[in-house]
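**Q** Below is work01.cif; it holds mmCIF, C-alpha atoms.
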data_work
#
loop_
_atom_site.group_PDB
_atom_site.id
_atom_site.type_symbol
_atom_site.label_atom_id
_atom_site.label_comp_id
_atom_site.auth_asym_id
_atom_site.auth_seq_id
_atom_site.Cartn_x
_atom_site.Cartn_y
_atom_site.Cartn_z
ATOM 1 C CA GLN A 20 101.291 106.388 142.916
ATOM 2 C CA LYS A 21 98.087 106.165 140.931
ATOM 3 C CA GLU A 22 96.791 102.597 140.912
ATOM 4 C CA VAL A 23 94.010 100.369 139.713
ATOM 5 C CA GLU A 24 93.071 97.276 141.689
ATOM 6 C CA GLN A 25 91.352 94.272 140.186
ATOM 7 C CA ASN A 26 90.797 90.732 141.374
ATOM 8 C CA SER A 27 92.988 88.553 139.182
ATOM 9 C CA GLY A 28 90.456 85.701 139.098
ATOM 10 C CA PRO A 29 89.800 83.504 137.340
ATOM 11 C CA LEU A 30 86.119 84.297 137.500
ATOM 12 C CA SER A 31 84.270 81.266 136.200
ATOM 13 C CA VAL A 32 80.642 81.542 135.072
ATOM 14 C CA PRO A 33 78.402 79.233 133.060
ATOM 15 C CA GLU A 34 77.341 80.168 129.565
ATOM 16 C CA GLY A 35 74.323 82.482 129.620
ATOM 17 C CA ALA A 36 75.052 83.848 133.105
ATOM 18 C CA ILE A 37 75.920 87.397 134.113
ATOM 19 C CA ALA A 38 79.608 88.025 134.735
ATOM 20 C CA SER A 39 80.433 90.851 137.137
ATOM 21 C CA LEU A 40 83.897 92.385 137.076
ATOM 22 C CA ASN A 41 85.036 94.991 139.560
ATOM 23 C CA CYS A 42 87.750 97.584 139.830
ATOM 24 C CA THR A 43 88.823 100.291 142.270
ATOM 25 C CA TYR A 44 91.082 103.198 141.477
ATOM 26 C CA SER A 45 93.135 105.580 143.561
ATOM 27 C CA ASP A 46 92.949 108.928 141.766
ATOM 28 C CA ARG A 47 89.957 111.022 142.881
ATOM 29 C CA GLY A 48 90.631 113.492 140.080
ATOM 30 C CA SER A 49 90.086 110.923 137.353
ATOM 31 C CA GLN A 50 87.263 111.618 134.936
ATOM 32 C CA SER A 51 87.623 108.878 132.334
ATOM 33 C CA PHE A 52 87.324 105.138 132.833
ATOM 34 C CA PHE A 53 87.661 102.301 130.408
ATOM 35 C CA TRP A 54 87.236 98.571 130.105
ATOM 36 C CA TYR A 55 89.441 96.677 127.702
ATOM 37 C CA ARG A 56 89.336 93.012 126.759
ATOM 38 C CA GLN A 57 92.579 91.174 126.090
ATOM 39 C CA TYR A 58 92.768 87.698 124.652
ATOM 40 C CA SER A 59 95.920 85.757 125.403
ATOM 41 C CA GLY A 60 98.823 87.021 123.304
ATOM 42 C CA LYS A 61 96.736 89.798 121.754
ATOM 43 C CA SER A 62 96.426 93.530 122.233
ATOM 44 C CA PRO A 63 93.857 95.251 124.466
ATOM 45 C CA GLU A 64 90.559 95.959 122.737
ATOM 46 C CA LEU A 65 88.319 98.788 123.956
ATOM 47 C CA ILE A 66 84.906 97.600 125.141
ATOM 48 C CA MET A 67 83.437 100.486 127.110
ATOM 49 C CA SER A 68 84.193 103.969 128.259
ATOM 50 C CA ILE A 69 82.366 105.765 131.047
ATOM 51 C CA TYR A 70 82.748 109.292 132.331
ATOM 52 C CA SER A 71 79.719 109.974 134.558
ATOM 53 C CA ASN A 72 78.360 108.335 137.669
ATOM 54 C CA GLY A 73 75.753 105.695 136.986
ATOM 55 C CA ASP A 74 75.289 103.033 134.359
ATOM 56 C CA LYS A 75 76.154 102.938 130.685
ATOM 57 C CA GLU A 76 74.870 100.120 128.526
ATOM 58 C CA ASP A 77 76.179 98.889 125.181
ATOM 59 C CA GLY A 78 74.674 95.648 123.956
ATOM 60 C CA ARG A 79 75.447 92.890 126.449
ATOM 61 C CA PHE A 80 77.843 95.123 128.377
ATOM 62 C CA THR A 81 77.007 97.546 131.188
ATOM 63 C CA ALA A 82 79.611 99.718 132.851
ATOM 64 C CA GLN A 83 78.878 101.215 136.258
ATOM 65 C CA LEU A 84 80.779 104.092 137.812
ATOM 66 C CA ASN A 85 80.694 105.385 141.379
ATOM 67 C CA LYS A 86 83.187 108.199 141.771
ATOM 68 C CA ALA A 87 82.479 108.696 145.478
ATOM 69 C CA SER A 88 83.512 105.094 146.132
ATOM 70 C CA GLN A 89 86.189 105.165 143.418
ATOM 71 C CA TYR A 90 84.671 102.049 141.977
ATOM 72 C CA VAL A 91 83.894 100.937 138.444
ATOM 73 C CA SER A 92 82.388 97.668 137.316
ATOM 74 C CA LEU A 93 81.521 95.802 134.146
ATOM 75 C CA LEU A 94 78.562 93.470 133.777
ATOM 76 C CA ILE A 95 78.437 91.036 130.890
ATOM 77 C CA ARG A 96 74.978 89.603 130.306
ATOM 78 C CA ASP A 97 74.346 86.305 128.540
ATOM 79 C CA SER A 98 78.026 85.397 128.801
ATOM 80 C CA GLN A 99 79.425 83.409 125.902
ATOM 81 C CA PRO A 100 82.514 81.177 125.748
ATOM 82 C CA SER A 101 83.982 83.750 123.347
ATOM 83 C CA ASP A 102 83.906 86.258 126.226
ATOM 84 C CA SER A 103 86.603 84.221 127.960
ATOM 85 C CA ALA A 104 89.506 86.661 128.175
ATOM 86 C CA THR A 105 91.268 88.996 130.581
ATOM 87 C CA TYR A 106 89.360 92.209 131.278
ATOM 88 C CA LEU A 107 91.465 95.260 131.983
ATOM 89 C CA CYS A 108 90.179 98.238 133.890
ATOM 90 C CA ALA A 109 91.900 101.530 133.111
ATOM 91 C CA PHE A 110 91.561 105.177 133.984
ATOM 92 C CA SER A 111 92.974 108.409 132.708
ATOM 93 C CA PRO A 112 94.432 110.552 135.510
ATOM 94 C CA GLY A 113 92.907 113.989 135.717
ATOM 95 C CA SER A 114 96.083 115.720 134.560
ATOM 96 C CA SER A 115 97.021 113.387 131.743
ATOM 97 C CA TYR A 116 95.842 111.581 128.628
ATOM 98 C CA LYS A 117 97.713 108.384 129.408
ATOM 99 C CA LEU A 118 95.881 105.320 130.696
ATOM 100 C CA ILE A 119 96.776 103.456 133.861
ATOM 101 C CA PHE A 120 95.798 99.824 133.685
ATOM 102 C CA GLY A 121 94.941 97.271 136.302
ATOM 103 C CA SER A 122 96.429 93.827 136.149
ATOM 104 C CA GLY A 123 93.176 92.424 134.810
ATOM 105 C CA THR A 124 90.580 89.845 135.779
ATOM 106 C CA ARG A 125 90.577 86.589 133.879
ATOM 107 C CA LEU A 126 87.070 85.510 132.927
ATOM 108 C CA LEU A 127 86.260 81.927 131.997
ATOM 109 C CA VAL A 128 82.829 81.181 130.545
ATOM 110 C CA ARG A 129 82.027 77.466 130.733
ATOM 111 C CA PRO A 130 79.939 76.014 127.875
ATOM 112 C CA GLU B 7 87.718 99.806 109.878
ATOM 113 C CA PRO B 8 90.859 101.882 110.503
ATOM 114 C CA GLU B 9 93.469 100.223 112.655
ATOM 115 C CA VAL B 10 96.881 100.781 114.163
ATOM 116 C CA THR B 11 99.496 98.646 112.442
ATOM 117 C CA GLN B 12 102.802 97.565 113.953
ATOM 118 C CA THR B 13 105.878 95.955 112.471
ATOM 119 C CA PRO B 14 107.546 93.605 112.998
ATOM 120 C CA SER B 15 105.276 91.263 114.946
ATOM 121 C CA HIS B 16 108.308 89.582 116.490
ATOM 122 C CA GLN B 17 111.823 90.899 116.999
ATOM 123 C CA VAL B 18 114.721 88.924 118.414
ATOM 124 C CA THR B 19 117.891 90.795 119.266
ATOM 125 C CA GLN B 20 121.098 90.414 121.212
ATOM 126 C CA MET B 21 121.643 92.351 124.407
ATOM 127 C CA GLY B 22 123.252 95.700 123.679
ATOM 128 C CA GLN B 23 121.863 95.966 120.166
ATOM 129 C CA GLU B 24 119.609 98.764 118.973
ATOM 130 C CA VAL B 25 116.060 98.011 117.878
ATOM 131 C CA ILE B 26 113.435 100.129 116.171
ATOM 132 C CA LEU B 27 109.797 99.250 116.502
ATOM 133 C CA ARG B 28 107.469 100.731 113.925
ATOM 134 C CA CYS B 29 103.861 101.815 114.027
ATOM 135 C CA VAL B 30 101.376 103.430 111.709
ATOM 136 C CA PRO B 31 98.676 105.093 113.822
ATOM 137 C CA ILE B 32 95.116 105.670 112.650
ATOM 138 C CA SER B 33 95.317 108.479 110.135
ATOM 139 C CA ASN B 34 93.117 111.131 111.755
ATOM 140 C CA HIS B 35 94.360 110.523 115.285
ATOM 141 C CA LEU B 36 96.391 113.146 117.071
ATOM 142 C CA TYR B 37 97.928 111.416 120.095
ATOM 143 C CA PHE B 38 100.304 108.502 119.860
ATOM 144 C CA TYR B 39 101.534 106.211 122.595
ATOM 145 C CA TRP B 40 103.837 103.353 123.369
ATOM 146 C CA TYR B 41 102.976 100.850 126.062
ATOM 147 C CA ARG B 42 104.641 97.618 127.018
ATOM 148 C CA GLN B 43 103.524 94.439 128.715
ATOM 149 C CA ILE B 44 105.976 92.046 130.257
ATOM 150 C CA LEU B 45 104.621 88.502 130.196
ATOM 151 C CA GLY B 46 102.024 88.033 132.921
ATOM 152 C CA GLN B 47 102.166 91.649 134.047
ATOM 153 C CA LYS B 48 100.231 94.875 133.594
ATOM 154 C CA VAL B 49 100.110 97.001 130.488
ATOM 155 C CA GLU B 50 102.498 99.850 131.331
ATOM 156 C CA PHE B 51 102.610 103.335 129.868
ATOM 157 C CA LEU B 52 105.911 104.372 128.309
ATOM 158 C CA VAL B 53 105.378 107.619 126.426
ATOM 159 C CA SER B 54 102.818 109.842 124.768
ATOM 160 C CA PHE B 55 103.469 112.028 121.737
ATOM 161 C CA TYR B 56 101.505 114.971 120.434
ATOM 162 C CA ASN B 57 102.216 117.729 117.962
ATOM 163 C CA ASN B 58 105.624 116.246 117.130
ATOM 164 C CA GLU B 59 106.915 116.163 120.657
ATOM 165 C CA ILE B 60 106.785 114.023 123.770
ATOM 166 C CA SER B 61 103.899 115.135 125.973
ATOM 167 C CA GLU B 62 104.521 112.715 128.827
ATOM 168 C CA LYS B 63 106.843 109.848 129.671
ATOM 169 C CA SER B 64 107.097 107.309 132.456
ATOM 170 C CA GLU B 65 110.042 106.377 134.638
ATOM 171 C CA ILE B 66 110.613 103.386 132.386
ATOM 172 C CA PHE B 67 111.267 105.654 129.420
ATOM 173 C CA ASP B 68 114.866 106.519 130.199
ATOM 174 C CA ASP B 69 117.665 107.776 127.953
ATOM 175 C CA GLN B 70 117.853 104.413 126.188
ATOM 176 C CA PHE B 71 114.435 105.037 124.660
ATOM 177 C CA SER B 72 113.435 107.542 122.026
ATOM 178 C CA VAL B 73 110.435 108.133 119.795
ATOM 179 C CA GLU B 74 110.118 109.764 116.447
ATOM 180 C CA ARG B 75 107.520 110.589 113.840
ATOM 181 C CA PRO B 76 109.772 110.689 110.800
ATOM 182 C CA ASP B 77 106.992 111.395 108.314
ATOM 183 C CA GLY B 78 103.234 111.933 108.278
ATOM 184 C CA SER B 79 102.339 108.316 108.925
ATOM 185 C CA ASN B 80 104.987 106.422 110.895
ATOM 186 C CA PHE B 81 105.696 106.518 114.617
ATOM 187 C CA THR B 82 108.749 104.689 115.910
ATOM 188 C CA LEU B 83 110.184 103.555 119.217
ATOM 189 C CA LYS B 84 113.948 103.100 119.387
ATOM 190 C CA ILE B 85 115.760 101.271 122.144
ATOM 191 C CA ARG B 86 119.426 102.155 121.857
ATOM 192 C CA SER B 87 121.106 99.389 123.811
ATOM 193 C CA THR B 88 118.699 96.632 124.693
ATOM 194 C CA LYS B 89 118.761 94.849 128.039
ATOM 195 C CA LEU B 90 117.343 91.479 128.971
ATOM 196 C CA GLU B 91 114.613 93.199 130.953
ATOM 197 C CA ASP B 92 113.417 95.015 127.835
ATOM 198 C CA SER B 93 111.919 91.725 126.657
ATOM 199 C CA ALA B 94 108.185 92.400 126.447
ATOM 200 C CA MET B 95 105.272 92.970 124.117
ATOM 201 C CA TYR B 96 105.333 96.563 122.917
ATOM 202 C CA PHE B 97 102.042 98.122 121.913
ATOM 203 C CA CYS B 98 101.573 101.269 119.913
ATOM 204 C CA ALA B 99 98.296 103.118 120.376
ATOM 205 C CA SER B 100 96.644 106.204 119.015
ATOM 206 C CA SER B 101 93.670 108.327 119.996
ATOM 207 C CA GLU B 102 91.633 111.313 119.011
ATOM 208 C CA PRO B 103 90.750 113.271 122.147
ATOM 209 C CA SER B 104 87.027 113.695 122.508
ATOM 210 C CA GLY B 105 84.820 114.875 125.327
ATOM 211 C CA GLY B 106 87.601 115.041 127.877
ATOM 212 C CA GLY B 107 88.434 111.350 127.700
ATOM 213 C CA GLU B 108 90.890 109.315 125.692
ATOM 214 C CA LYS B 109 89.880 106.198 123.812
ATOM 215 C CA LEU B 110 93.031 104.385 122.903
ATOM 216 C CA PHE B 111 93.165 101.979 120.006
ATOM 217 C CA PHE B 112 96.030 99.535 120.154
ATOM 218 C CA GLY B 113 98.067 97.879 117.465
ATOM 219 C CA SER B 114 98.634 94.135 117.527
ATOM 220 C CA GLY B 115 102.020 94.551 119.181
ATOM 221 C CA THR B 116 105.665 93.678 118.647
ATOM 222 C CA GLN B 117 107.016 90.865 120.772
ATOM 223 C CA LEU B 118 110.599 91.830 121.597
ATOM 224 C CA SER B 119 112.936 89.122 122.837
ATOM 225 C CA VAL B 120 116.378 90.191 124.057
ATOM 226 C CA LEU B 121 118.867 87.327 124.313
#
What do you get writing this file as structure tokens?

**A**
Amino acid sequence: QKEVEQNSGPLSVPEGAIASLNCTYSDRGSQSFFWYRQYSGKSPELIMSIYSNGDKEDGRFTAQLNKASQYVSLLIRDSQPSDSATYLCAFSPGSSYKLIFGSGTRLLVRP
Amino acid sequence: EPEVTQTPSHQVTQMGQEVILRCVPISNHLYFYWYRQILGQKVEFLVSFYNNEISEKSEIFDDQFSVERPDGSNFTLKIRSTKLEDSAMYFCASSEPSGGGEKLFFGSGTQLSVL
């Protein structure tokens, strides 16, 4: 069973701090990894995709991938109260285009 | 900006009734999906659809479920005889495969309540 593991949180950080969200996945054949943000009662919104080992930066967001450790993370710099949401880690199994989602980490940014 | 649209936003039905959830994917996308999320739980894959046929389905997607692309724009999910446990938020998504990875864009969802 292909799985994604995330700490459910909540992760609470003060405004302006760096929030660090982590995720491990079970499928060594996976090539594609994604971070989605989901506000309560809303649909998942794509934030980042990453396919290669290392870091990928997009504005305040940095995704980090380590395939050997089967680990992917998301850093949010200068966290804002509007970043308060659930962050979903997802991967696409090597043999499929579907996404498998983790249960999400709830982030709370305190003003 | 192009978006996936879903109707209705809320659907209330009686157990045993048929429901059809509707979606209009992004126009130049090739892959279409249905996912569901039971309250407080993970987003779960139901089915993917490509080139007018199902490309993959999960264990959840049993004979009570079906999908259809009746014309060039709509993509529907039918549940033939709803059960209480079908109550969930149903998300449609679409993607255009690029570079070996899928970037899914989700609609705003249909909240299905089975009474």

**Q** Decode the PyMOL selection byres ((chain A) within 9 of (chain B)) for the given file into explicit residues and return them as an MDAnalysis selection string.

**A** chainID A and resid 50:53 60:65 68:70 107 111 115:123

**Q** Mind pulling up the distance from CA of Ser79 (chain B) to CA of Glu24 (chain B)?

**A** 22.1 Å

**Q** For CA of Leu94 (chain A) and CA of Thr81 (chain A), determine how far apart the two atoms are, in Å to one decimal place.

**A**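 Computing the Euclidean distance for CA of Leu94 (chain A) and CA of Thr81 (chain A) yields 5.1 Å.
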
**Q** Any chance you could work out the residue set of the PyMOL selection byres ((chain B and resi 28) around 7) here, as a PyMOL selection string?

**A** chain B and resi 12-13+26-27+29+80-83

**Q** Given the file shown, determine the residues that the PyMOL selection byres ((chain A and resi 43) around 9) selects; report them as a ChimeraX atom specification.

**A** /A:22-25,41-42,44-45,88-92,108

**Q** Produce a file of the selected residues containing C-alpha atoms, as a short mmCIF file (atom, residue, chain, number, x, y, z; two decimals), keeping the file's coordinate frame.

**A**
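What follows is the written file again08.cif:
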data_model
loop_
_atom_site.label_atom_id
_atom_site.label_comp_id
_atom_site.auth_asym_id
_atom_site.auth_seq_id
_atom_site.Cartn_x
_atom_site.Cartn_y
_atom_site.Cartn_z
CA GLU A 22 96.79 102.60 140.91
CA VAL A 23 94.01 100.37 139.71
CA GLU A 24 93.07 97.28 141.69
CA GLN A 25 91.35 94.27 140.19
CA ASN A 41 85.04 94.99 139.56
CA CYS A 42 87.75 97.58 139.83
CA TYR A 44 91.08 103.20 141.48
CA SER A 45 93.14 105.58 143.56
CA SER A 88 83.51 105.09 146.13
CA GLN A 89 86.19 105.16 143.42
CA TYR A 90 84.67 102.05 141.98
CA VAL A 91 83.89 100.94 138.44
CA SER A 92 82.39 97.67 137.32
CA CYS A 108 90.18 98.24 133.89
#

**Q** If I take CA of Phe55 (chain B) and CA of Tyr55 (chain A), how far is one from the other in Å, to one decimal?

**A**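 One can read the CA of Phe55 (chain B) to CA of Tyr55 (chain A) distance as 21.6 Å.
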